[in-house]
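> Pasting input.pdb below, which is PDB, C-alpha atoms.
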```pdb
ATOM      1  CA  MET A   1      89.107 120.253  94.469  1.00  0.00           C
ATOM      2  CA  SER A   2      91.692 120.211  91.706  1.00  0.00           C
ATOM      3  CA  LEU A   3      93.803 121.868  89.009  1.00  0.00           C
ATOM      4  CA  GLU A   4      92.443 121.619  85.468  1.00  0.00           C
ATOM      5  CA  ILE A   5      94.145 122.384  82.153  1.00  0.00           C
ATOM      6  CA  CYS A   6      91.424 123.095  79.604  1.00  0.00           C
ATOM      7  CA  SER A   7      92.085 123.341  75.834  1.00  0.00           C
ATOM      8  CA  LEU A   8      95.422 125.103  76.355  1.00  0.00           C
ATOM      9  CA  SER A   9      97.180 126.405  73.247  1.00  0.00           C
ATOM     10  CA  PHE A  10     100.637 127.973  73.181  1.00  0.00           C
ATOM     11  CA  GLY A  11     103.719 128.258  71.064  1.00  0.00           C
ATOM     12  CA  TYR A  12     106.751 130.300  70.159  1.00  0.00           C
ATOM     13  CA  LYS A  13     107.313 132.046  66.833  1.00  0.00           C
ATOM     14  CA  ASN A  14     106.992 129.439  64.071  1.00  0.00           C
ATOM     15  CA  PHE A  15     107.021 126.684  66.700  1.00  0.00           C
ATOM     16  CA  PRO A  16     103.662 125.656  68.151  1.00  0.00           C
ATOM     17  CA  LEU A  17     103.873 123.583  71.318  1.00  0.00           C
ATOM     18  CA  PHE A  18     100.296 122.901  72.385  1.00  0.00           C
ATOM     19  CA  ASP A  19      97.027 123.061  70.493  1.00  0.00           C
ATOM     20  CA  GLY A  20      94.096 122.371  72.791  1.00  0.00           C
ATOM     21  CA  LEU A  21      96.060 120.560  75.509  1.00  0.00           C
ATOM     22  CA  GLU A  22      93.734 118.902  78.033  1.00  0.00           C
ATOM     23  CA  THR A  23      94.219 116.965  81.245  1.00  0.00           C
ATOM     24  CA  GLU A  24      91.920 115.194  83.601  1.00  0.00           C
ATOM     25  CA  PRO A  25      91.751 117.139  86.900  1.00  0.00           C
ATOM     26  CA  LEU A  26      94.972 117.019  88.936  1.00  0.00           C
ATOM     27  CA  ARG A  27      93.739 116.278  92.425  1.00  0.00           C
ATOM     28  CA  ARG A  28      94.831 117.739  95.724  1.00  0.00           C
ATOM     29  CA  GLY A  29      96.913 115.438  97.893  1.00  0.00           C
ATOM     30  CA  GLU A  30      98.511 113.705  94.905  1.00  0.00           C
ATOM     31  CA  LEU A  31     102.001 113.916  93.459  1.00  0.00           C
ATOM     32  CA  THR A  32     101.889 113.877  89.657  1.00  0.00           C
ATOM     33  CA  ALA A  33     105.025 113.251  87.605  1.00  0.00           C
ATOM     34  CA  LEU A  34     105.161 115.154  84.313  1.00  0.00           C
ATOM     35  CA  VAL A  35     107.390 113.089  82.035  1.00  0.00           C
ATOM     36  CA  GLY A  36     108.502 113.210  78.430  1.00  0.00           C
ATOM     37  CA  PRO A  37     111.664 113.771  76.399  1.00  0.00           C
ATOM     38  CA  ASN A  38     113.533 117.057  76.190  1.00  0.00           C
ATOM     39  CA  GLY A  39     111.844 119.822  74.230  1.00  0.00           C
ATOM     40  CA  VAL A  40     108.220 118.650  74.528  1.00  0.00           C
ATOM     41  CA  GLY A  41     107.222 121.682  76.597  1.00  0.00           C
ATOM     42  CA  LYS A  42     107.275 120.590  80.236  1.00  0.00           C
ATOM     43  CA  SER A  43     108.871 123.830  81.441  1.00  0.00           C
ATOM     44  CA  SER A  44     106.625 125.892  79.169  1.00  0.00           C
ATOM     45  CA  LEU A  45     103.547 124.170  80.574  1.00  0.00           C
ATOM     46  CA  PHE A  46     104.694 125.036  84.085  1.00  0.00           C
ATOM     47  CA  ARG A  47     105.161 128.680  83.084  1.00  0.00           C
ATOM     48  CA  LEU A  48     101.625 128.757  81.678  1.00  0.00           C
ATOM     49  CA  ILE A  49     100.156 127.289  84.850  1.00  0.00           C
ATOM     50  CA  ALA A  50     102.117 129.743  86.999  1.00  0.00           C
ATOM     51  CA  GLY A  51     101.008 132.719  84.893  1.00  0.00           C
ATOM     52  CA  LEU A  52     104.510 133.560  83.672  1.00  0.00           C
ATOM     53  CA  ALA A  53     103.455 133.030  80.055  1.00  0.00           C
ATOM     54  CA  ARG A  54     100.127 133.712  78.385  1.00  0.00           C
ATOM     55  CA  PRO A  55      98.364 131.017  76.336  1.00  0.00           C
ATOM     56  CA  SER A  56      96.869 131.807  72.958  1.00  0.00           C
ATOM     57  CA  GLY A  57      93.796 129.853  74.009  1.00  0.00           C
ATOM     58  CA  GLY A  58      92.329 127.806  76.829  1.00  0.00           C
ATOM     59  CA  THR A  59      92.321 128.178  80.595  1.00  0.00           C
ATOM     60  CA  VAL A  60      93.929 126.917  83.781  1.00  0.00           C
ATOM     61  CA  ARG A  61      91.386 126.370  86.560  1.00  0.00           C
ATOM     62  CA  LEU A  62      92.037 125.841  90.252  1.00  0.00           C
ATOM     63  CA  ASP A  63      89.137 124.553  92.320  1.00  0.00           C
ATOM     64  CA  GLY A  64      86.810 125.652  89.518  1.00  0.00           C
ATOM     65  CA  GLY A  65      88.097 129.237  89.212  1.00  0.00           C
ATOM     66  CA  ASP A  66      89.900 130.655  86.183  1.00  0.00           C
ATOM     67  CA  MET A  67      93.435 131.512  87.328  1.00  0.00           C
ATOM     68  CA  ALA A  68      93.737 134.215  84.648  1.00  0.00           C
ATOM     69  CA  ARG A  69      91.224 136.322  86.558  1.00  0.00           C
ATOM     70  CA  LEU A  70      93.458 136.542  89.608  1.00  0.00           C
ATOM     71  CA  SER A  71      95.956 139.326  90.170  1.00  0.00           C
ATOM     72  CA  SER A  72      99.651 138.496  89.909  1.00  0.00           C
ATOM     73  CA  ARG A  73      99.896 138.730  93.679  1.00  0.00           C
ATOM     74  CA  ALA A  74      96.957 136.419  94.330  1.00  0.00           C
ATOM     75  CA  ARG A  75      98.229 133.926  91.772  1.00  0.00           C
ATOM     76  CA  SER A  76     101.735 133.863  93.222  1.00  0.00           C
ATOM     77  CA  GLU A  77     100.304 133.154  96.663  1.00  0.00           C
ATOM     78  CA  ARG A  78      98.433 130.119  95.360  1.00  0.00           C
ATOM     79  CA  ILE A  79     101.008 128.699  92.910  1.00  0.00           C
ATOM     80  CA  PHE A  80     104.754 128.289  93.425  1.00  0.00           C
ATOM     81  CA  LEU A  81     107.064 127.304  90.579  1.00  0.00           C
ATOM     82  CA  LEU A  82     110.526 125.966  91.349  1.00  0.00           C
ATOM     83  CA  THR A  83     112.500 126.288  88.113  1.00  0.00           C
ATOM     84  CA  GLN A  84     115.444 124.201  86.958  1.00  0.00           C
ATOM     85  CA  HIS A  85     117.865 127.104  87.370  1.00  0.00           C
ATOM     86  CA  THR A  86     118.373 127.673  91.092  1.00  0.00           C
ATOM     87  CA  ALA A  87     121.595 129.694  91.088  1.00  0.00           C
ATOM     88  CA  MET A  88     121.360 132.295  93.859  1.00  0.00           C
ATOM     89  CA  ARG A  89     123.348 135.510  93.758  1.00  0.00           C
ATOM     90  CA  ALA A  90     121.798 137.491  96.596  1.00  0.00           C
ATOM     91  CA  ALA A  91     124.224 138.444  99.362  1.00  0.00           C
ATOM     92  CA  LEU A  92     122.004 136.879 102.020  1.00  0.00           C
ATOM     93  CA  GLY A  93     122.164 133.990 104.422  1.00  0.00           C
ATOM     94  CA  VAL A  94     120.242 130.765 103.858  1.00  0.00           C
ATOM     95  CA  PHE A  95     117.796 131.369 106.711  1.00  0.00           C
ATOM     96  CA  ASP A  96     117.030 134.879 105.458  1.00  0.00           C
ATOM     97  CA  VAL A  97     116.281 133.898 101.855  1.00  0.00           C
ATOM     98  CA  ILE A  98     113.936 131.154 103.039  1.00  0.00           C
ATOM     99  CA  LEU A  99     112.235 133.494 105.497  1.00  0.00           C
ATOM    100  CA  LEU A 100     111.746 136.032 102.702  1.00  0.00           C
ATOM    101  CA  ALA A 101     110.094 133.331 100.601  1.00  0.00           C
ATOM    102  CA  LYS A 102     107.863 132.402 103.518  1.00  0.00           C
ATOM    103  CA  ARG A 103     106.714 136.004 104.002  1.00  0.00           C
ATOM    104  CA  GLY A 104     106.096 136.542 100.291  1.00  0.00           C
ATOM    105  CA  TRP A 105     104.162 139.766  99.695  1.00  0.00           C
ATOM    106  CA  ARG A 106     103.636 140.450 103.384  1.00  0.00           C
ATOM    107  CA  GLY A 107     105.491 143.327 104.976  1.00  0.00           C
ATOM    108  CA  GLY A 108     106.419 143.883 108.581  1.00  0.00           C
ATOM    109  CA  LYS A 109     108.298 141.759 111.047  1.00  0.00           C
ATOM    110  CA  ALA A 110     108.466 137.979 110.825  1.00  0.00           C
ATOM    111  CA  THR A 111     106.335 136.175 113.381  1.00  0.00           C
ATOM    112  CA  ASP A 112     107.463 133.409 115.712  1.00  0.00           C
ATOM    113  CA  GLU A 113     105.329 131.065 113.602  1.00  0.00           C
ATOM    114  CA  ASP A 114     107.179 132.118 110.431  1.00  0.00           C
ATOM    115  CA  ILE A 115     110.546 131.469 112.054  1.00  0.00           C
ATOM    116  CA  ALA A 116     109.445 128.114 113.465  1.00  0.00           C
ATOM    117  CA  HIS A 117     108.173 126.999 110.059  1.00  0.00           C
ATOM    118  CA  VAL A 118     111.472 127.879 108.371  1.00  0.00           C
ATOM    119  CA  GLU A 119     113.376 125.972 111.049  1.00  0.00           C
ATOM    120  CA  GLU A 120     111.062 122.982 110.598  1.00  0.00           C
ATOM    121  CA  MET A 121     111.611 122.801 106.842  1.00  0.00           C
ATOM    122  CA  LEU A 122     115.375 123.296 107.108  1.00  0.00           C
ATOM    123  CA  GLU A 123     115.469 120.310 109.453  1.00  0.00           C
ATOM    124  CA  ALA A 124     113.128 118.251 107.267  1.00  0.00           C
ATOM    125  CA  LEU A 125     115.493 118.737 104.306  1.00  0.00           C
ATOM    126  CA  GLY A 126     118.544 118.076 106.456  1.00  0.00           C
ATOM    127  CA  ILE A 127     120.132 121.457 105.759  1.00  0.00           C
ATOM    128  CA  GLU A 128     119.751 123.166 109.123  1.00  0.00           C
ATOM    129  CA  HIS A 129     123.566 123.231 109.344  1.00  0.00           C
ATOM    130  CA  LEU A 130     123.558 125.626 106.359  1.00  0.00           C
ATOM    131  CA  SER A 131     121.302 128.128 108.088  1.00  0.00           C
ATOM    132  CA  ASP A 132     124.010 130.760 108.675  1.00  0.00           C
ATOM    133  CA  ARG A 133     125.862 130.229 105.387  1.00  0.00           C
ATOM    134  CA  MET A 134     125.685 132.729 102.553  1.00  0.00           C
ATOM    135  CA  VAL A 135     123.762 131.289  99.613  1.00  0.00           C
ATOM    136  CA  THR A 136     126.541 132.329  97.221  1.00  0.00           C
ATOM    137  CA  GLU A 137     128.931 130.001  99.079  1.00  0.00           C
ATOM    138  CA  LEU A 138     126.812 126.888  98.502  1.00  0.00           C
ATOM    139  CA  SER A 139     127.257 124.139  95.938  1.00  0.00           C
ATOM    140  CA  GLY A 140     124.700 123.670  93.182  1.00  0.00           C
ATOM    141  CA  GLY A 141     123.088 120.789  95.032  1.00  0.00           C
ATOM    142  CA  GLN A 142     122.894 122.769  98.265  1.00  0.00           C
ATOM    143  CA  GLN A 143     121.328 125.717  96.442  1.00  0.00           C
ATOM    144  CA  GLN A 144     118.752 123.367  94.948  1.00  0.00           C
ATOM    145  CA  LEU A 145     117.803 122.185  98.438  1.00  0.00           C
ATOM    146  CA  VAL A 146     117.509 125.781  99.645  1.00  0.00           C
ATOM    147  CA  ALA A 147     115.275 126.603  96.666  1.00  0.00           C
ATOM    148  CA  LEU A 148     113.089 123.602  97.468  1.00  0.00           C
ATOM    149  CA  CYS A 149     112.876 124.776 101.060  1.00  0.00           C
ATOM    150  CA  GLN A 150     111.704 128.179  99.779  1.00  0.00           C
ATOM    151  CA  ALA A 151     108.953 126.422  97.838  1.00  0.00           C
ATOM    152  CA  LEU A 152     107.765 124.262 100.727  1.00  0.00           C
ATOM    153  CA  VAL A 153     107.584 127.049 103.315  1.00  0.00           C
ATOM    154  CA  ARG A 154     105.160 128.975 101.105  1.00  0.00           C
ATOM    155  CA  ASN A 155     102.390 126.366 101.606  1.00  0.00           C
ATOM    156  CA  PRO A 156     100.980 126.933  98.108  1.00  0.00           C
ATOM    157  CA  ASP A 157      97.837 125.322  96.752  1.00  0.00           C
ATOM    158  CA  VAL A 158      99.811 124.247  93.674  1.00  0.00           C
ATOM    159  CA  LEU A 159     103.496 123.286  93.789  1.00  0.00           C
ATOM    160  CA  LEU A 160     105.300 122.971  90.443  1.00  0.00           C
ATOM    161  CA  LEU A 161     108.758 121.413  90.572  1.00  0.00           C
ATOM    162  CA  ASP A 162     110.874 121.489  87.410  1.00  0.00           C
ATOM    163  CA  GLU A 163     113.582 118.843  87.813  1.00  0.00           C
ATOM    164  CA  PRO A 164     113.843 119.292  91.603  1.00  0.00           C
ATOM    165  CA  THR A 165     116.511 116.597  92.063  1.00  0.00           C
ATOM    166  CA  SER A 166     118.746 117.212  89.041  1.00  0.00           C
ATOM    167  CA  ALA A 167     121.759 118.400  91.073  1.00  0.00           C
ATOM    168  CA  LEU A 168     121.383 115.947  93.966  1.00  0.00           C
ATOM    169  CA  ASP A 169     123.102 112.665  94.729  1.00  0.00           C
ATOM    170  CA  LEU A 170     121.029 109.469  94.906  1.00  0.00           C
ATOM    171  CA  ARG A 171     120.433 109.542  98.667  1.00  0.00           C
ATOM    172  CA  ARG A 172     119.308 113.157  98.553  1.00  0.00           C
ATOM    173  CA  GLN A 173     117.032 112.455  95.576  1.00  0.00           C
ATOM    174  CA  LEU A 174     115.211 109.761  97.528  1.00  0.00           C
ATOM    175  CA  GLU A 175     114.961 111.922 100.654  1.00  0.00           C
ATOM    176  CA  VAL A 176     113.624 114.914  98.741  1.00  0.00           C
ATOM    177  CA  MET A 177     111.013 112.957  96.788  1.00  0.00           C
ATOM    178  CA  HIS A 178     109.844 111.197  99.940  1.00  0.00           C
ATOM    179  CA  LEU A 179     109.445 114.567 101.671  1.00  0.00           C
ATOM    180  CA  VAL A 180     107.637 116.131  98.703  1.00  0.00           C
ATOM    181  CA  HIS A 181     105.237 113.186  98.575  1.00  0.00           C
ATOM    182  CA  ASP A 182     104.515 113.417 102.311  1.00  0.00           C
ATOM    183  CA  VAL A 183     104.099 117.201 102.335  1.00  0.00           C
ATOM    184  CA  THR A 184     101.740 116.998  99.351  1.00  0.00           C
ATOM    185  CA  ARG A 185      99.440 114.663 101.259  1.00  0.00           C
ATOM    186  CA  LYS A 186      99.713 116.446 104.580  1.00  0.00           C
ATOM    187  CA  ARG A 187      98.967 119.910 103.148  1.00  0.00           C
ATOM    188  CA  ASN A 188      96.507 118.677 100.503  1.00  0.00           C
ATOM    189  CA  MET A 189      98.407 120.395  97.686  1.00  0.00           C
ATOM    190  CA  VAL A 190      98.379 119.775  93.962  1.00  0.00           C
ATOM    191  CA  THR A 191     102.014 118.881  93.259  1.00  0.00           C
ATOM    192  CA  VAL A 192     103.417 118.326  89.774  1.00  0.00           C
ATOM    193  CA  ALA A 193     107.093 117.421  89.311  1.00  0.00           C
ATOM    194  CA  ALA A 194     108.818 117.284  85.935  1.00  0.00           C
ATOM    195  CA  LEU A 195     111.285 114.407  86.166  1.00  0.00           C
ATOM    196  CA  HIS A 196     113.623 112.713  83.698  1.00  0.00           C
ATOM    197  CA  ASP A 197     114.374 109.744  85.964  1.00  0.00           C
ATOM    198  CA  LEU A 198     111.390 107.482  85.311  1.00  0.00           C
ATOM    199  CA  SER A 199     112.396 105.007  88.022  1.00  0.00           C
ATOM    200  CA  LEU A 200     112.482 107.801  90.607  1.00  0.00           C
ATOM    201  CA  ALA A 201     109.193 109.192  89.313  1.00  0.00           C
ATOM    202  CA  GLY A 202     107.568 105.774  89.381  1.00  0.00           C
ATOM    203  CA  ARG A 203     108.672 105.166  92.936  1.00  0.00           C
ATOM    204  CA  PHE A 204     107.053 108.283  94.400  1.00  0.00           C
ATOM    205  CA  ALA A 205     104.404 109.606  91.998  1.00  0.00           C
ATOM    206  CA  ASP A 206     100.733 108.777  92.336  1.00  0.00           C
ATOM    207  CA  ARG A 207     100.184 109.542  88.675  1.00  0.00           C
ATOM    208  CA  PHE A 208     102.094 109.950  85.409  1.00  0.00           C
ATOM    209  CA  LEU A 209     101.358 112.527  82.725  1.00  0.00           C
ATOM    210  CA  LEU A 210     103.318 111.673  79.574  1.00  0.00           C
ATOM    211  CA  LEU A 211     103.710 114.757  77.376  1.00  0.00           C
ATOM    212  CA  HIS A 212     104.507 114.010  73.736  1.00  0.00           C
ATOM    213  CA  GLU A 213     103.921 115.819  70.439  1.00  0.00           C
ATOM    214  CA  GLY A 214     101.846 118.586  72.013  1.00  0.00           C
ATOM    215  CA  ARG A 215      99.401 116.331  73.821  1.00  0.00           C
ATOM    216  CA  ILE A 216      99.023 114.164  76.884  1.00  0.00           C
ATOM    217  CA  ALA A 217      99.982 110.822  75.350  1.00  0.00           C
ATOM    218  CA  ALA A 218      99.282 108.834  78.527  1.00  0.00           C
ATOM    219  CA  ASP A 219      97.719 109.584  81.887  1.00  0.00           C
ATOM    220  CA  GLY A 220      97.399 107.178  84.774  1.00  0.00           C
ATOM    221  CA  HIS A 221      99.123 105.149  87.448  1.00  0.00           C
ATOM    222  CA  PRO A 222     102.887 105.007  86.797  1.00  0.00           C
ATOM    223  CA  GLU A 223     102.893 101.223  86.472  1.00  0.00           C
ATOM    224  CA  HIS A 224     100.165 101.318  83.831  1.00  0.00           C
ATOM    225  CA  VAL A 225     101.727 104.163  81.829  1.00  0.00           C
ATOM    226  CA  LEU A 226     105.103 102.434  81.772  1.00  0.00           C
ATOM    227  CA  ALA A 227     103.559  99.091  80.829  1.00  0.00           C
ATOM    228  CA  ASP A 228     101.467 100.237  77.873  1.00  0.00           C
ATOM    229  CA  GLY A 229     104.451 101.109  75.680  1.00  0.00           C
ATOM    230  CA  GLY A 230     103.641 104.793  75.221  1.00  0.00           C
ATOM    231  CA  THR A 231     106.896 105.794  76.876  1.00  0.00           C
ATOM    232  CA  ASN A 232     108.816 103.724  74.338  1.00  0.00           C
ATOM    233  CA  ASP A 233     107.241 105.725  71.490  1.00  0.00           C
ATOM    234  CA  ALA A 234     107.801 109.063  73.226  1.00  0.00           C
ATOM    235  CA  TYR A 235     111.446 108.495  74.091  1.00  0.00           C
ATOM    236  CA  GLY A 236     112.310 106.449  71.006  1.00  0.00           C
ATOM    237  CA  VAL A 237     113.947 103.686  73.053  1.00  0.00           C
ATOM    238  CA  GLY A 238     112.781 100.482  74.722  1.00  0.00           C
ATOM    239  CA  ILE A 239     112.048 101.541  78.283  1.00  0.00           C
ATOM    240  CA  THR A 240     109.665  98.677  79.123  1.00  0.00           C
TER     241      THR A 240
END
```
Write out the structure in this file as structure tokens.


Amino acid sequence: MSLEICSLSFGYKNFPLFDGLETEPLRRGELTALVGPNGVGKSSLFRLIAGLARPSGGTVRLDGGDMARLSSRARSERIFLLTQHTAMRAALGVFDVILLAKRGWRGGKATDEDIAHVEEMLEALGIEHLSDRMVTELSGGQQQLVALCQALVRNPDVLLLDEPTSALDLRRQLEVMHLVHDVTRKRNMVTVAALHDLSLAGRFADRFLLLHEGRIAADGHPEHVLADGGTNDAYGVGIT
């Protein structure tokens, strides 16, 4: 059971990004770090997987099924993308915005199970004290934690995290990545996190995908990818 990217092609006007991009299956229960320098298409790849952009060729398959054949609603229930830009402007409290994310497309009244799950994830992220605060009153780092909480309460099959720790201090970065790693295993999700901090990625990821020049330049255990020198070529500096 896995996520597969098969011969994916995509680009912007006069700027092709991918031409037949392929990956080995991304397995459930594993945290994969998507790494590579700025501008190689990490965010664009996430948008393609989530169905927010349409490829010019190729497919994204989840557990053998073509995701393009699903409705927008069905796709959003199976894949959750947490983008880099987490600024929240809704005049709602923290608990309410997370509960809304938990309920998704469902109407009606929240169940006791829904409420308990939101409370559990607030506590797991250490932000239960923010529960009654308005999201517009929070710092950037606090909003990022709330957005991550929204992602985790959805229980998606595929969790895509685009720089999930960029606004967090070091202690929070470690706590968040530890939680994401544990939740991925516990819920048997496919989790892919785009990360610039290679030391943080190497500490928690089960696998590295190095994206460079429109292709997967390296794929494997973080220690092996960092040791083979491919990251030095991609980033243009001596990392290893």

> In terms of the shortest atom-to-atom distance over all atoms listed in the file, which of A:Cys6, A:Val35, A:Ala53, A:Ala116 is closest to Ser199 of chain A?

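Ranked by minimum distance to Ser199 of chain A, first place goes to A:Val35.
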
> Go ahead and compute the interatomic distance for atom CA of Pro25 of chain A and atom CA of Arg78 of chain A, in Å to one decimal.

16.9 Å

> Check which residues satisfy the PyMOL selection byres ((chain A and resi 80) around 10) in the file shown, then give them as a list in words.

Phe46, Ile49, Ala50, Arg75, Ser76, Glu77, Arg78, Ile79, Leu81, Leu82, Thr83, Gln150, Ala151, Leu152, Arg154, Asn155, Pro156, Asp157, Val158, Leu159, Leu160, Leu161 and Thr191 of chain A

> Find the residue from A:Ser7, A:Asp197, A:Asp206, A:Arg187 that sits nearest to Leu170 of chain A; use all atoms listed in the file when measuring.

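Of all the options, A:Asp197 lies closest to Leu170 of chain A.
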
> Taking the point (118.2, 123.0, 109.5) as given in the file, collect each protein or nucleic acid residue that comes within 12 Å of it, counting only C-alpha atoms, and present the set as a list of chain:residue names.

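These residues have at least one counted atom within 12 Å: A:Val94, A:Phe95, A:Ile98, A:Ile115, A:Ala116, A:His117, A:Val118, A:Glu119, A:Glu120, A:Met121, A:Leu122, A:Glu123, A:Ala124, A:Leu125, A:Gly126, A:Ile127, A:Glu128, A:His129, A:Leu130, A:Ser131, A:Asp132, A:Arg133, A:Leu145, A:Val146, A:Cys149.
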
> Emit segment 43-54 of chain A of the structure in the block as a file comprising N, CA and C atoms, as a CSV table (one decimal), in the first residue's frame.


```csv
chain,number,residue,atom,x,y,z
A,43,SER,N,7.3,22.5,-3.7
A,43,SER,CA,5.9,22.9,-3.5
A,43,SER,C,5.0,22.6,-4.7
A,44,SER,N,5.5,22.7,-5.9
A,44,SER,CA,4.7,22.4,-7.0
A,44,SER,C,4.4,20.9,-7.1
A,45,LEU,N,5.3,20.1,-6.7
A,45,LEU,CA,5.1,18.6,-6.6
A,45,LEU,C,4.0,18.3,-5.6
A,46,PHE,N,4.0,19.0,-4.5
A,46,PHE,CA,3.0,18.8,-3.5
A,46,PHE,C,1.6,19.2,-4.1
A,47,ARG,N,1.5,20.3,-4.8
A,47,ARG,CA,0.3,20.7,-5.3
A,47,ARG,C,-0.3,19.7,-6.4
A,48,LEU,N,0.6,19.1,-7.1
A,48,LEU,CA,0.2,18.1,-8.1
A,48,LEU,C,-0.3,16.9,-7.4
A,49,ILE,N,0.3,16.4,-6.3
A,49,ILE,CA,-0.1,15.3,-5.6
A,49,ILE,C,-1.5,15.5,-5.0
A,50,ALA,N,-1.7,16.7,-4.4
A,50,ALA,CA,-2.9,17.1,-3.8
A,50,ALA,C,-4.0,17.4,-4.7
A,51,GLY,N,-3.8,17.5,-6.0
A,51,GLY,CA,-4.8,17.8,-7.0
A,51,GLY,C,-5.1,19.3,-7.2
A,52,LEU,N,-4.2,20.1,-6.7
A,52,LEU,CA,-4.4,21.6,-6.8
A,52,LEU,C,-3.8,22.1,-8.1
A,53,ALA,N,-3.1,21.3,-8.8
A,53,ALA,CA,-2.5,21.7,-10.1
A,53,ALA,C,-2.6,20.4,-10.9
A,54,ARG,N,-2.7,20.6,-12.2
A,54,ARG,CA,-2.9,19.5,-13.2
A,54,ARG,C,-1.7,19.2,-14.0
```
